[in-house]
>>> print(open('final.txt').read())   # compact mmCIF, C-alpha atoms and all ligand atoms
# COMPACT_ATOMS: atom_id res chain seq x y z
CA MET A 1 0.00 0.00 0.00
CA GLU A 2 2.88 2.31 0.86
CA LYS A 3 4.32 1.69 -2.59
CA TYR A 4 0.92 2.31 -4.18
CA ASN A 5 0.63 5.76 -2.56
CA GLU A 6 4.26 6.45 -3.36
CA ASN A 7 3.40 5.95 -7.02
CA LEU A 8 0.37 8.24 -6.68
CA ASN A 9 2.70 10.86 -5.29
CA TRP A 10 5.08 10.31 -8.19
CA ARG A 11 2.35 10.92 -10.75
CA TYR A 12 1.23 14.39 -11.74
CA ALA A 13 -0.79 15.86 -14.53
CA THR A 14 1.99 15.98 -17.10
CA LYS A 15 2.12 19.23 -19.02
CA LYS A 16 5.09 18.49 -21.27
CA PHE A 17 5.65 15.00 -22.66
CA ASP A 18 8.82 13.83 -24.37
CA PRO A 19 7.58 13.35 -27.95
CA GLU A 20 10.40 10.89 -28.70
CA GLN A 21 9.36 8.36 -26.05
CA LYS A 22 6.60 5.93 -26.96
CA LEU A 23 4.85 3.29 -24.88
CA SER A 24 5.54 -0.31 -25.87
CA LYS A 25 2.66 -2.47 -27.13
CA ASP A 26 2.70 -4.36 -23.83
CA GLN A 27 2.47 -1.17 -21.80
CA VAL A 28 -0.49 0.01 -23.87
CA GLU A 29 -2.19 -3.39 -23.50
CA THR A 30 -1.73 -3.40 -19.72
CA LEU A 31 -3.21 0.05 -19.35
CA LEU A 32 -6.13 -0.71 -21.64
CA GLU A 33 -6.80 -3.79 -19.56
CA SER A 34 -7.01 -1.63 -16.44
CA ILE A 35 -9.80 0.24 -18.20
CA GLN A 36 -11.48 -3.00 -19.28
CA LEU A 37 -11.38 -4.23 -15.66
CA SER A 38 -12.93 -1.08 -14.23
CA ALA A 39 -16.00 -1.34 -12.09
CA SER A 40 -19.17 0.21 -13.52
CA SER A 41 -22.72 0.51 -12.28
CA TYR A 42 -24.43 -2.89 -12.83
CA GLY A 43 -21.36 -3.78 -14.92
CA LEU A 44 -22.89 -2.11 -17.96
CA GLN A 45 -19.69 -0.31 -19.07
CA PRO A 46 -21.66 2.34 -20.95
CA TYR A 47 -18.64 3.77 -22.76
CA GLU A 48 -16.02 3.04 -25.40
CA VAL A 49 -12.44 4.23 -25.51
CA PHE A 50 -10.62 5.47 -28.59
CA VAL A 51 -6.86 4.98 -28.58
CA ILE A 52 -5.41 7.57 -30.90
CA GLU A 53 -1.92 7.52 -32.35
CA ASP A 54 -2.67 9.05 -35.75
CA GLU A 55 -0.79 12.35 -36.04
CA ASP A 56 -3.18 14.12 -38.38
CA ILE A 57 -6.19 13.36 -36.24
CA ARG A 58 -4.29 14.45 -33.15
CA LYS A 59 -3.42 17.77 -34.79
CA LYS A 60 -7.11 18.37 -35.40
CA LEU A 61 -7.97 17.34 -31.85
CA LYS A 62 -5.26 19.60 -30.43
CA ALA A 63 -6.93 22.59 -32.11
CA ALA A 64 -10.13 21.51 -30.34
CA SER A 65 -8.29 21.28 -26.98
CA TRP A 66 -7.16 24.86 -26.42
CA ASP A 67 -3.95 23.89 -28.26
CA GLN A 68 -2.71 21.95 -25.25
CA PRO A 69 0.61 20.37 -26.35
CA GLN A 70 0.01 17.06 -24.56
CA ILE A 71 -2.48 16.07 -27.27
CA THR A 72 0.23 15.75 -29.93
CA ASP A 73 3.38 15.24 -27.81
CA ALA A 74 2.23 12.30 -25.70
CA SER A 75 2.71 8.77 -26.92
CA HIS A 76 -1.04 8.09 -27.08
CA LEU A 77 -4.28 9.95 -26.62
CA LEU A 78 -7.29 8.21 -25.08
CA VAL A 79 -10.80 9.50 -25.68
CA PHE A 80 -13.37 8.15 -23.22
CA ALA A 81 -16.71 8.36 -25.00
CA ASN A 82 -19.95 7.55 -23.20
CA LEU A 83 -23.12 6.16 -24.70
CA THR A 84 -25.77 8.83 -25.18
CA GLU A 85 -28.63 6.34 -25.20
CA ILE A 86 -29.03 3.09 -23.32
CA ASN A 87 -31.89 1.01 -24.61
CA GLU A 88 -33.39 -2.44 -24.23
CA ASP A 89 -31.16 -3.87 -26.97
CA TYR A 90 -28.08 -2.75 -25.07
CA VAL A 91 -29.32 -4.26 -21.82
CA ASN A 92 -30.26 -7.50 -23.59
CA SER A 93 -26.85 -7.87 -25.17
CA TYR A 94 -25.27 -7.34 -21.74
CA LEU A 95 -27.49 -10.06 -20.24
CA LYS A 96 -26.51 -12.39 -23.11
CA ASN A 97 -22.85 -11.71 -22.40
CA ILE A 98 -23.30 -12.66 -18.73
CA SER A 99 -25.24 -15.77 -19.69
CA LYS A 100 -22.55 -16.88 -22.16
CA THR A 101 -19.57 -15.98 -19.98
CA ARG A 102 -20.93 -17.61 -16.85
CA LYS A 103 -22.78 -20.42 -18.64
CA LEU A 104 -26.07 -19.41 -17.03
CA ASP A 105 -29.58 -19.69 -18.42
CA LEU A 106 -30.95 -16.29 -19.34
CA GLU A 107 -33.98 -17.02 -17.11
CA LYS A 108 -31.65 -16.97 -14.12
CA LEU A 109 -30.91 -13.34 -14.93
CA LYS A 110 -34.54 -12.26 -14.77
CA GLY A 111 -33.97 -10.41 -11.45
CA LEU A 112 -31.12 -8.38 -12.91
CA GLU A 113 -33.07 -7.79 -16.11
CA ASP A 114 -36.02 -6.38 -14.15
CA MET A 115 -33.73 -4.23 -12.07
CA LEU A 116 -32.04 -2.75 -15.14
CA LYS A 117 -35.35 -2.16 -16.85
CA ASN A 118 -36.76 -0.45 -13.75
CA THR A 119 -33.76 1.76 -13.15
CA VAL A 120 -31.34 2.67 -15.93
CA LEU A 121 -33.86 2.23 -18.73
CA GLN A 122 -36.25 4.58 -16.90
CA PHE A 123 -33.74 7.43 -16.83
CA SER A 124 -34.34 10.35 -19.17
CA GLN A 125 -31.97 10.60 -22.12
CA GLU A 126 -30.01 13.32 -20.31
CA GLU A 127 -29.78 11.30 -17.10
CA LYS A 128 -28.55 8.29 -19.06
CA SER A 129 -25.81 10.31 -20.71
CA ILE A 130 -24.66 11.85 -17.40
CA TRP A 131 -24.79 8.46 -15.68
CA ALA A 132 -22.79 6.89 -18.51
CA ALA A 133 -20.19 9.69 -18.38
CA ASN A 134 -19.83 9.12 -14.62
CA GLN A 135 -18.96 5.49 -15.34
CA ALA A 136 -16.35 6.58 -17.89
CA TYR A 137 -14.71 8.77 -15.21
CA ILE A 138 -14.32 5.72 -12.97
CA ALA A 139 -12.44 4.03 -15.80
CA LEU A 140 -10.32 7.16 -16.17
CA GLY A 141 -9.42 7.04 -12.46
CA ASN A 142 -8.39 3.41 -12.68
CA PHE A 143 -6.30 4.14 -15.73
CA LEU A 144 -4.46 7.01 -14.01
CA SER A 145 -3.60 4.83 -11.01
CA ALA A 146 -2.59 1.87 -13.16
CA ALA A 147 -0.32 4.09 -15.24
CA ALA A 148 1.29 5.50 -12.09
CA SER A 149 1.95 1.98 -10.86
CA GLN A 150 3.83 1.31 -14.11
CA LYS A 151 5.69 4.66 -13.94
CA ILE A 152 3.90 5.84 -17.05
CA ASP A 153 2.94 9.50 -17.19
CA THR A 154 -0.55 10.73 -17.93
CA CYS A 155 -2.63 13.85 -18.08
CA PRO A 156 -6.39 13.63 -17.54
CA MET A 157 -8.06 16.43 -19.50
CA GLU A 158 -11.37 18.22 -19.65
CA GLY A 159 -10.01 21.20 -21.54
CA PHE A 160 -11.47 20.36 -24.93
CA ASP A 161 -14.55 21.03 -27.03
CA ALA A 162 -16.64 17.85 -26.83
CA ALA A 163 -18.82 18.79 -29.83
CA LYS A 164 -15.72 19.21 -32.01
CA TYR A 165 -14.25 15.93 -30.76
CA ASP A 166 -17.52 14.17 -31.56
CA GLU A 167 -17.44 15.63 -35.04
CA ILE A 168 -13.78 14.82 -35.78
CA LEU A 169 -14.16 11.24 -34.51
CA GLY A 170 -17.65 10.69 -35.95
CA LEU A 171 -19.02 9.75 -32.54
CA LYS A 172 -22.60 10.97 -32.89
CA ASP A 173 -23.45 8.32 -35.49
CA LYS A 174 -22.12 5.67 -33.11
CA GLY A 175 -24.40 6.89 -30.29
CA LEU A 176 -21.41 8.21 -28.37
CA THR A 177 -20.16 11.53 -27.05
CA THR A 178 -16.79 12.51 -25.61
CA ALA A 179 -16.84 12.44 -21.80
CA VAL A 180 -13.20 13.01 -20.91
CA ILE A 181 -9.78 12.45 -22.44
CA ALA A 182 -6.31 11.50 -21.22
CA THR A 183 -2.84 11.44 -22.67
CA MET A 184 -0.17 8.92 -21.78
CA GLY A 185 3.57 8.78 -22.37
CA PHE A 186 6.71 9.92 -20.61
CA ARG A 187 7.45 13.28 -19.02
CA SER A 188 9.95 15.64 -20.59
CA GLU A 189 12.88 16.53 -18.33
CA GLU A 190 11.94 20.12 -19.03
CA ASP A 191 8.44 19.80 -17.56
CA GLN A 192 8.59 22.12 -14.55
CA ALA A 193 5.25 20.78 -13.29
CA GLN A 194 6.98 17.57 -12.13
CA HIS A 195 8.80 19.56 -9.43
CA ALA A 196 5.71 21.21 -7.97
CA THR A 197 4.62 20.03 -4.53
CA LYS A 198 1.21 18.40 -4.51
CA VAL A 199 -1.61 20.62 -3.34
CA ARG A 200 -4.38 18.71 -1.59
CA LYS A 201 -7.01 19.35 1.08
CA ASN A 202 -5.79 18.27 4.47
CA LYS A 203 -7.26 15.08 5.94
CA GLU A 204 -9.45 16.98 8.45
CA GLU A 205 -11.15 18.81 5.59
CA LEU A 206 -11.45 15.79 3.38
CA PHE A 207 -12.45 12.98 5.72
CA HIS A 208 -15.18 12.77 8.30
CA LEU A 209 -14.99 9.95 10.76
CA ILE A 210 -18.49 9.24 11.97
C1 LIG B 301 -11.14 15.43 -15.05
C2 LIG B 301 -9.88 16.20 -15.09
C3 LIG B 301 -9.69 17.17 -16.08
C4 LIG B 301 -8.47 17.84 -16.18
N1 LIG B 301 -8.24 18.68 -17.25
C5 LIG B 301 -6.98 19.15 -17.46
C6 LIG B 301 -6.65 19.80 -18.68
O1 LIG B 301 -7.46 19.99 -19.58
N2 LIG B 301 -5.36 20.21 -18.84
C7 LIG B 301 -4.40 20.00 -17.89
O2 LIG B 301 -3.24 20.37 -18.12
N3 LIG B 301 -4.68 19.38 -16.73
C8 LIG B 301 -5.95 18.94 -16.50
N4 LIG B 301 -6.23 18.25 -15.34
C9 LIG B 301 -5.19 18.05 -14.32
C10 LIG B 301 -5.50 18.71 -12.98
O3 LIG B 301 -5.34 20.08 -13.05
C11 LIG B 301 -4.62 18.05 -11.92
O4 LIG B 301 -4.92 16.70 -11.84
C12 LIG B 301 -4.80 18.70 -10.53
O5 LIG B 301 -4.37 20.03 -10.55
C13 LIG B 301 -4.03 17.93 -9.47
O6 LIG B 301 -2.67 17.85 -9.77
P1 LIG B 301 -1.87 16.50 -10.03
O7 LIG B 301 -2.76 15.62 -10.86
O8 LIG B 301 -0.66 16.95 -10.79
O9 LIG B 301 -1.56 15.89 -8.71
C14 LIG B 301 -7.46 17.60 -15.22
C15 LIG B 301 -7.70 16.67 -14.20
C16 LIG B 301 -8.86 15.95 -14.15
C17 LIG B 301 -9.03 14.88 -13.09
>>> encode(input="final.txt", output="structure tokens")
Amino acid sequence: MEKYNENLNWRYATKKFDPEQKLSKDQVETLLESIQLSASSYGLQPYEVFVIEDEDIRKKLKAASWDQPQITDASHLLVFANLTEINEDYVNSYLKNISKTRKLDLEKLKGLEDMLKNTVLQFSQEEKSIWAANQAYIALGNFLSAAASQKIDTCPMEGFDAAKYDEILGLKDKGLTTAVIATMGFRSEEDQAQHATKVRKNKEELFHLI
């Protein structure tokens, strides 16, 4: 645990990546797996993640991200896109996946099916999209911690124009919208941000022992 927190202290929102240093295939796979293994409400994983290496697309996305240099300098850019609509078909395909993976009759999943149909499927379209984006943020958090544990640098980012991202990546037609993004790679020695002391609320402000 000590080591885990040590790694969290080591990480910081990287402002300047070394553009020459790329993640290996294995490193990318490990980090993507940390996203795949993320917890989500009911296990529905209402998001998809775009892993972007393409330079031309990244140039366009950088212009839609207040020109933040991480977008093009990092090894990879991840776009966490949440579903904008969650319908019965989506729920049914999830139930089928459980049934197949766990070799269970679908009838055994009737309780879960009813629960999903009485909760998530009853949300308004806006509530569904917000709920789905919340799930994507959990995946983002896992990814940041997993990267830190591998001494891989990241920057989580909300400084971008989601409508432009959706347009550049053609997300609307896929029933998706950009929730949040992150870059991953290796810090530049010149990044002054790595030397800044962490600023956090103190424990008395943050935690309440009841
Ligand atoms: C959801 C989210 C969005 C963020 N957006 C940006 C961003 O657009 N650009 C940026 O440089 N940093 C961004 N940050 C980084 C934060 O400013 C940073 O995490 C915070 O100041 C704490 O510092 P630390 O992560 O270096 O410990 C974002 C962080 C989070 C979690």
>>> atom_distance(input="final.txt", atom1="atom CA of Asp67 of chain A", atom2="atom CA of Pro46 of chain A")
28.8 Å
>>> closest_residue(input="final.txt", among="A:Leu95, A:Thr84, A:Leu109, A:Met157", to="Ala133 of chain A", atoms="only C-alpha atoms")
A:Thr84
>>> residues_near_ligand(input="final.txt", ligand="ligand LIG 301 (chain B)", cutoff="6 Å", atoms="all atoms listed in the file", output="number ranges by chain")
A: 12-13, 15, 156-159, 198
>>> atom_distance(input="final.txt", atom1="atom CA of Asn134 of chain A", atom2="atom CA of Ser93 of chain A")
21.2 Å
>>> closest_residue(input="final.txt", among="A:Asp54, A:Leu83, A:Val180, A:Lys62", to="Gln125 of chain A", atoms="only C-alpha atoms")
A:Leu83
>>> residues_around(input="final.txt", residues="segment 16-31 of chain A", least_positions_apart="3", cutoff="6 Å", atoms="only C-alpha atoms", output="list in words")
Ser34, Asp73, Ala74, Ser75, Phe186, Arg187, Ser188 and Asp191 of chain A
>>> atom_distance(input="final.txt", atom1="atom CA of Ala136 of chain A", atom2="atom CA of Ile35 of chain A")
9.1 Å
>>> closest_residue(input="final.txt", among="A:Ile86, A:Ile71, A:Ala139, A:Ile57", to="Gln36 of chain A", atoms="all atoms listed in the file")
A:Ala139
>>> residues_around(input="final.txt", residues="segment 4-10 of chain A", least_positions_apart="3", cutoff="8 Å", atoms="only C-alpha atoms", output="list of chain:residue names")
A:Met1, A:Ser145, A:Ala148, A:Ser149, A:Lys151, A:Lys198
>>> closest_residue(input="final.txt", among="A:Val91, A:Leu206, A:Ala182, A:Ala63", to="Leu77 of chain A", atoms="all atoms listed in the file")
A:Ala182
>>> closest_residue(input="final.txt", among="A:Lys128, A:Leu78, A:Phe143, A:Ile52", to="Leu37 of chain A", atoms="all atoms listed in the file")
A:Phe143
>>> residues_around(input="final.txt", residues="segment 167-176 of chain A", least_positions_apart="4", cutoff="10 Å", atoms="all atoms listed in the file", output="PyMOL selection string")
chain A and resi 46-48+50+57-58+60-61+64+79-86+129+162-163
>>> residues_around(input="final.txt", residues="Thr154 of chain A", least_positions_apart="5", cutoff="6 Å", atoms="all atoms listed in the file", output="list in words")
Thr14, Thr183 and Met184 of chain A
>>> closest_residue(input="final.txt", among="A:Asn92, A:His208, A:Glu53, A:Glu33", to="Asp114 of chain A", atoms="all atoms listed in the file")
A:Asn92
>>> axis_aligned_box(input="final.txt", around="segment 22-35 of chain A", padding_each_side="5 Å", output="lines of an AutoDock Vina configuration file")
center_x = -1.6
center_y = 0.8
center_z = -21.8
size_x = 26.4
size_y = 20.3
size_z = 20.7
